[in-house]
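Engineer: Let me begin by handing over the structure; questions about it come next.
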Amino acid sequence: MTAAGSSPSAEPLVIRVVTDGRAGIRNQALGLAEAVARRTSARIQDRKVRWKRAFDWLPADLKQPFMLDKATNALDGDPPDLWIAAGRASLPLSLWMRRGTAPRPFVVQIQDPRLDPARFDMVIAPAHDGLKGANVLSIVGSPHRITPDRLTEAAPVYVDQIGALPHPRIVAMIGGKSKVFDLTDDHAAALAERIADTVTKTGGSLLMTFSRRTPESARKIMTRRLRTLPSWIWRGSGPNPLFAFLEAADHILVTEDSANMAAEAASTGKPVHILSMVATGAGDKFTRLHEALSAHGAARPFALPLQTWRYAPLTETDRAAQAVLDALGRRPS
């Protein structure tokens, strides 16, 4: 375990990212780790936690090491300097690390852990969750991996697929079923018609991605309707071209069910248009998120004709990274 510091002679900060490996969760923790690493010399360990199926349902406080699946490597090796974890599966390990003997990591938990925040060194939670605590940092949306440099680097990789597509290039980021929203077949068909109408009336093209939560039937309905347009519809095979899509975008359409996608889109400085979904529960948290994005100047409800505007890109991941480093600097040696 190395000592945290910014001196050129100091050992790199060892940052361990701990998630269950799902892309949406992993990208939040990894995005924060990468933002820290942009500010100080660091080495990132990308690790996974899995629980044996028989024990996965247990509350965090009841889980024990013998219940871990053999695919787990989050506890391998010496403790890191900084532990950044996200997702329910990581909670027991974060609590164990926080209770460990010195020297122990500085434990950062992303998202509302549904536990007392004081049980972690820092909790970074979406402001729309309303979580409060002395060690809670509230941010708009979620941490992510989008940076201007990363978008610029991605563009040449996909120039053959995107370069010939006409402007305005409209990126559509489609979510799916969640606790408070759904993407039914009928709504998928209606969304596809609205997107097709938008692309046709603007004379532009479409770049579309789906979430892992998008129902397969909805994917097929939307793809079938939109594939005849000037477009690239990414269906999930091969490397994800999202960074290149966002770099190429003139407008970004995002379904209202995802804080991750909205925060990623708002980091570009490009117009973000929020597409409605079928509400199946109380969506107050998402209303607060979209109000915050609107107040920042990033997002507006989808409407035709598409309006164009600019704003300062949302930089909440960078703000969170600096807060983590400041807290580390205040930590007793």
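By order in the structure tokens, chains are A, B, ...; within a chain, residues start at 1; ligands start at 1, following the order shown.
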Mind listing the helix (DSSP H, G or I) residues of range 68-315 of chain A, per DSSP on the backbone, as a count of residues only?
Structural biologist: 90
Engineer: Considering only C-alpha atoms, give me a table of residues in range 111-202 of chain A that are at most 10 Å from range 30-47 of chain A, with the closest atom pair and distance in Å for each, as a tab-separated table.
Structural biologist:
```
residue	atom	partner	partner_atom	distance
A:Ile124	CA	A:Leu32	CA	9.9
A:Ser142	CA	A:Leu32	CA	9.5
A:Pro143	CA	A:Leu32	CA	5.9
A:His144	CA	A:Gly31	CA	4.5
A:Arg145	CA	A:Gly31	CA	4.1
A:Ile146	CA	A:Gly31	CA	7.7
A:Thr147	CA	A:Ala35	CA	9.2
```
Engineer: Could you tell me which of A:Val278, A:Ala266, A:Val49, A:Leu253 comes closest to Ala312 in chain A if we count only C-alpha atoms?
Structural biologist: A:Ala266
Engineer: Any idea what's packed within 9 Å of Arg26 in chain A, counting only C-alpha atoms, ignoring anything in its chain fewer than 3 positions away? Could you give it as a list in words?
Structural biologist: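 The residues satisfying every condition are Val17, Val18, Thr19, Asp20, Gly21, Arg22, Ala23, Ala29, Leu30, Gly31, Asp46, Ala85, Ala86 and Gly87 of chain A.
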Engineer: With all heavy atoms retained, export the selected residues as an mmCIF file, in the first residue's frame.
Structural biologist:
```cif
data_model
loop_
_atom_site.group_PDB
_atom_site.id
_atom_site.type_symbol
_atom_site.label_atom_id
_atom_site.label_comp_id
_atom_site.auth_asym_id
_atom_site.auth_seq_id
_atom_site.Cartn_x
_atom_site.Cartn_y
_atom_site.Cartn_z
ATOM 1 N N VAL A 17 -10.920 -0.328 -8.395
ATOM 2 C CA VAL A 17 -12.309 -0.182 -8.816
ATOM 3 C C VAL A 17 -13.008 -1.521 -8.611
ATOM 4 O O VAL A 17 -12.543 -2.548 -9.104
ATOM 5 C CB VAL A 17 -12.380 0.241 -10.300
ATOM 6 C CG1 VAL A 17 -13.795 0.141 -10.835
ATOM 7 C CG2 VAL A 17 -11.821 1.652 -10.469
ATOM 8 N N VAL A 18 -14.121 -1.512 -7.891
ATOM 9 C CA VAL A 18 -14.798 -2.760 -7.526
ATOM 10 C C VAL A 18 -16.270 -2.677 -7.915
ATOM 11 O O VAL A 18 -17.022 -1.836 -7.405
ATOM 12 C CB VAL A 18 -14.670 -3.036 -6.016
ATOM 13 C CG1 VAL A 18 -15.400 -4.324 -5.646
ATOM 14 C CG2 VAL A 18 -13.203 -3.106 -5.601
ATOM 15 N N THR A 19 -16.686 -3.562 -8.838
ATOM 16 C CA THR A 19 -18.081 -3.640 -9.272
ATOM 17 C C THR A 19 -18.408 -5.082 -9.633
ATOM 18 O O THR A 19 -17.529 -5.942 -9.624
ATOM 19 C CB THR A 19 -18.329 -2.759 -10.524
ATOM 20 O OG1 THR A 19 -17.670 -3.348 -11.657
ATOM 21 C CG2 THR A 19 -17.830 -1.341 -10.320
ATOM 22 N N ASP A 20 -19.671 -5.311 -10.003
ATOM 23 C CA ASP A 20 -20.040 -6.653 -10.469
ATOM 24 C C ASP A 20 -19.767 -6.842 -11.959
ATOM 25 O O ASP A 20 -20.079 -7.879 -12.532
ATOM 26 C CB ASP A 20 -21.509 -6.944 -10.157
ATOM 27 C CG ASP A 20 -22.486 -6.004 -10.865
ATOM 28 O OD1 ASP A 20 -22.044 -5.207 -11.726
ATOM 29 O OD2 ASP A 20 -23.686 -6.060 -10.553
ATOM 30 N N GLY A 21 -19.199 -5.830 -12.590
ATOM 31 C CA GLY A 21 -18.801 -5.934 -13.983
ATOM 32 C C GLY A 21 -19.822 -5.436 -14.984
ATOM 33 O O GLY A 21 -19.505 -5.315 -16.168
ATOM 34 N N ARG A 22 -21.055 -5.154 -14.559
ATOM 35 C CA ARG A 22 -22.046 -4.630 -15.499
ATOM 36 C C ARG A 22 -21.583 -3.276 -16.013
ATOM 37 O O ARG A 22 -21.105 -2.436 -15.256
ATOM 38 C CB ARG A 22 -23.405 -4.492 -14.827
ATOM 39 C CG ARG A 22 -24.116 -5.823 -14.565
ATOM 40 C CD ARG A 22 -25.453 -5.588 -13.890
ATOM 41 N NE ARG A 22 -25.281 -5.021 -12.556
ATOM 42 C CZ ARG A 22 -26.232 -4.401 -11.868
ATOM 43 N NH1 ARG A 22 -27.431 -4.240 -12.414
ATOM 44 N NH2 ARG A 22 -26.005 -3.938 -10.665
ATOM 45 N N ALA A 23 -21.736 -3.068 -17.317
ATOM 46 C CA ALA A 23 -21.150 -1.895 -17.960
ATOM 47 C C ALA A 23 -21.590 -0.579 -17.305
ATOM 48 O O ALA A 23 -20.764 0.294 -17.036
ATOM 49 C CB ALA A 23 -21.496 -1.888 -19.442
ATOM 50 N N ALA A 29 -17.726 3.756 -11.675
ATOM 51 C CA ALA A 29 -16.574 3.652 -10.788
ATOM 52 C C ALA A 29 -15.265 3.882 -11.540
ATOM 53 O O ALA A 29 -14.358 4.571 -11.052
ATOM 54 C CB ALA A 29 -16.572 2.283 -10.105
ATOM 55 N N LEU A 30 -15.176 3.310 -12.730
ATOM 56 C CA LEU A 30 -13.960 3.468 -13.521
ATOM 57 C C LEU A 30 -13.797 4.917 -13.983
ATOM 58 O O LEU A 30 -12.679 5.464 -14.018
ATOM 59 C CB LEU A 30 -14.013 2.521 -14.719
ATOM 60 C CG LEU A 30 -12.703 2.257 -15.467
ATOM 61 C CD1 LEU A 30 -11.619 1.761 -14.525
ATOM 62 C CD2 LEU A 30 -12.931 1.241 -16.571
ATOM 63 N N GLY A 31 -14.916 5.560 -14.314
ATOM 64 C CA GLY A 31 -14.849 6.959 -14.719
ATOM 65 C C GLY A 31 -14.314 7.844 -13.611
ATOM 66 O O GLY A 31 -13.495 8.752 -13.859
ATOM 67 N N ASP A 46 -8.804 -2.753 -11.985
ATOM 68 C CA ASP A 46 -10.214 -2.961 -12.336
ATOM 69 C C ASP A 46 -10.611 -4.362 -11.876
ATOM 70 O O ASP A 46 -10.224 -5.353 -12.484
ATOM 71 C CB ASP A 46 -10.386 -2.807 -13.844
ATOM 72 C CG ASP A 46 -11.837 -2.825 -14.288
ATOM 73 O OD1 ASP A 46 -12.726 -2.842 -13.419
ATOM 74 O OD2 ASP A 46 -12.078 -2.826 -15.509
ATOM 75 N N ALA A 85 -15.991 1.850 -5.216
ATOM 76 C CA ALA A 85 -16.915 0.753 -5.480
ATOM 77 C C ALA A 85 -18.280 1.289 -5.876
ATOM 78 O O ALA A 85 -18.676 2.394 -5.485
ATOM 79 C CB ALA A 85 -17.040 -0.143 -4.250
ATOM 80 N N ALA A 86 -18.992 0.489 -6.663
ATOM 81 C CA ALA A 86 -20.339 0.857 -7.075
ATOM 82 C C ALA A 86 -21.185 -0.396 -7.204
ATOM 83 O O ALA A 86 -20.688 -1.454 -7.585
ATOM 84 C CB ALA A 86 -20.322 1.611 -8.407
ATOM 85 N N GLY A 87 -22.467 -0.267 -6.860
ATOM 86 C CA GLY A 87 -23.392 -1.380 -6.995
ATOM 87 C C GLY A 87 -23.578 -2.163 -5.713
ATOM 88 O O GLY A 87 -22.702 -2.209 -4.838
#
```
Engineer: Between CA of Ile170 in chain A and CA of Ile195 in chain A, what is the spacing in Å?
Structural biologist: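 CA of Ile170 in chain A lies at a distance of 8.9 Å from CA of Ile195 in chain A.
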Engineer: If you count only C-alpha atoms, which residues fall within 12 Å of Asp149 in chain A, apart from same-chain ones fewer than 3 positions away, as number ranges by chain?
Structural biologist: A: 38, 145-146, 152-155, 243-244, 247, 268
Engineer: Which residues, written as a VMD selection string, have at least one atom at most 12 Å from Val272 in chain A, with only C-alpha atoms counted and residues fewer than 2 positions away on the same chain left out?
Structural biologist: chain A and resid 170 to 173 246 249 to 256 261 to 270 274 to 275 290 293 to 294 296 to 303 306 to 311 313 to 314
Engineer: Using DSSP on the backbone coordinates, identify all residues within range 275-322 of chain A classified as strand (DSSP E); present the result as a list in words.
Structural biologist: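 So, restricting range 275-322 of chain A to strand (DSSP E), we get Leu275, Val278, Ala279, Ala299, Arg300 and Pro301 of chain A.
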Engineer: Include all heavy atoms and write out the residues we just selected as a PDB file, in the first residue's frame.
Structural biologist:
```pdb
ATOM      1  N   LEU A 275     -36.353  12.138 -24.370  1.00  0.00           N
ATOM      2  CA  LEU A 275     -37.470  11.379 -24.933  1.00  0.00           C
ATOM      3  C   LEU A 275     -38.285  10.748 -23.809  1.00  0.00           C
ATOM      4  O   LEU A 275     -37.731  10.151 -22.884  1.00  0.00           O
ATOM      5  CB  LEU A 275     -36.942  10.266 -25.841  1.00  0.00           C
ATOM      6  CG  LEU A 275     -36.187  10.695 -27.102  1.00  0.00           C
ATOM      7  CD1 LEU A 275     -35.483   9.489 -27.709  1.00  0.00           C
ATOM      8  CD2 LEU A 275     -37.141  11.324 -28.107  1.00  0.00           C
ATOM      9  N   VAL A 278     -42.750   5.177 -20.981  1.00  0.00           N
ATOM     10  CA  VAL A 278     -43.993   4.798 -20.310  1.00  0.00           C
ATOM     11  C   VAL A 278     -43.716   4.742 -18.814  1.00  0.00           C
ATOM     12  O   VAL A 278     -42.860   3.958 -18.356  1.00  0.00           O
ATOM     13  CB  VAL A 278     -44.506   3.438 -20.806  1.00  0.00           C
ATOM     14  CG1 VAL A 278     -45.744   3.014 -20.022  1.00  0.00           C
ATOM     15  CG2 VAL A 278     -44.802   3.484 -22.298  1.00  0.00           C
ATOM     16  N   ALA A 279     -44.399   5.579 -18.036  1.00  0.00           N
ATOM     17  CA  ALA A 279     -44.188   5.606 -16.593  1.00  0.00           C
ATOM     18  C   ALA A 279     -44.919   4.442 -15.936  1.00  0.00           C
ATOM     19  O   ALA A 279     -46.102   4.214 -16.194  1.00  0.00           O
ATOM     20  CB  ALA A 279     -44.676   6.924 -16.007  1.00  0.00           C
ATOM     21  N   ALA A 299     -30.255  20.246 -21.158  1.00  0.00           N
ATOM     22  CA  ALA A 299     -31.334  19.389 -21.662  1.00  0.00           C
ATOM     23  C   ALA A 299     -32.669  20.114 -21.729  1.00  0.00           C
ATOM     24  O   ALA A 299     -32.962  21.001 -20.903  1.00  0.00           O
ATOM     25  CB  ALA A 299     -31.466  18.152 -20.774  1.00  0.00           C
ATOM     26  N   ARG A 300     -33.464  19.683 -22.717  1.00  0.00           N
ATOM     27  CA  ARG A 300     -34.837  20.146 -22.869  1.00  0.00           C
ATOM     28  C   ARG A 300     -35.690  18.959 -23.307  1.00  0.00           C
ATOM     29  O   ARG A 300     -35.171  18.006 -23.895  1.00  0.00           O
ATOM     30  CB  ARG A 300     -34.921  21.255 -23.933  1.00  0.00           C
ATOM     31  CG  ARG A 300     -34.056  22.470 -23.645  1.00  0.00           C
ATOM     32  CD  ARG A 300     -34.118  23.482 -24.773  1.00  0.00           C
ATOM     33  NE  ARG A 300     -33.167  24.571 -24.566  1.00  0.00           N
ATOM     34  CZ  ARG A 300     -32.958  25.568 -25.431  1.00  0.00           C
ATOM     35  NH1 ARG A 300     -33.672  25.608 -26.558  1.00  0.00           N
ATOM     36  NH2 ARG A 300     -32.068  26.499 -25.174  1.00  0.00           N
ATOM     37  N   PRO A 301     -36.996  19.019 -23.049  1.00  0.00           N
ATOM     38  CA  PRO A 301     -37.865  17.958 -23.564  1.00  0.00           C
ATOM     39  C   PRO A 301     -37.801  17.912 -25.091  1.00  0.00           C
ATOM     40  O   PRO A 301     -37.707  18.949 -25.754  1.00  0.00           O
ATOM     41  CB  PRO A 301     -39.265  18.365 -23.086  1.00  0.00           C
ATOM     42  CG  PRO A 301     -39.015  19.274 -21.920  1.00  0.00           C
ATOM     43  CD  PRO A 301     -37.739  20.001 -22.230  1.00  0.00           C
TER      44      PRO A 301
END
```
Engineer: Considering only C-alpha atoms, state which residue in the set A:Ser231, A:Ser258, A:Asn135, A:Gln64 is at the smallest distance from Pro168 in chain A.
Structural biologist: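 Smallest distance to Pro168 in chain A is found for A:Ser231.
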Engineer: Find the residues near range 206-214 of chain A: any atom within 10 Å, counting only C-alpha atoms, skip ones fewer than 2 places away on the same chain, and give them as a PyMOL selection string.
Structural biologist: chain A and resi 22-24+162+165-178+182-184+188+195-196+198-200+204+216-219+222-223+226-227+229-236+240-242+244-246+248-249+251-253+258+261
Engineer: Just to confirm, what's the straight-line distance from CA of Pro126 in chain A to CA of Phe181 in chain A in Å (one decimal)?
Structural biologist: 18.3 Å
Engineer: How many Å separate CA of Ala125 in chain A from CA of Asp326 in chain A?
Structural biologist: 17.3 Å
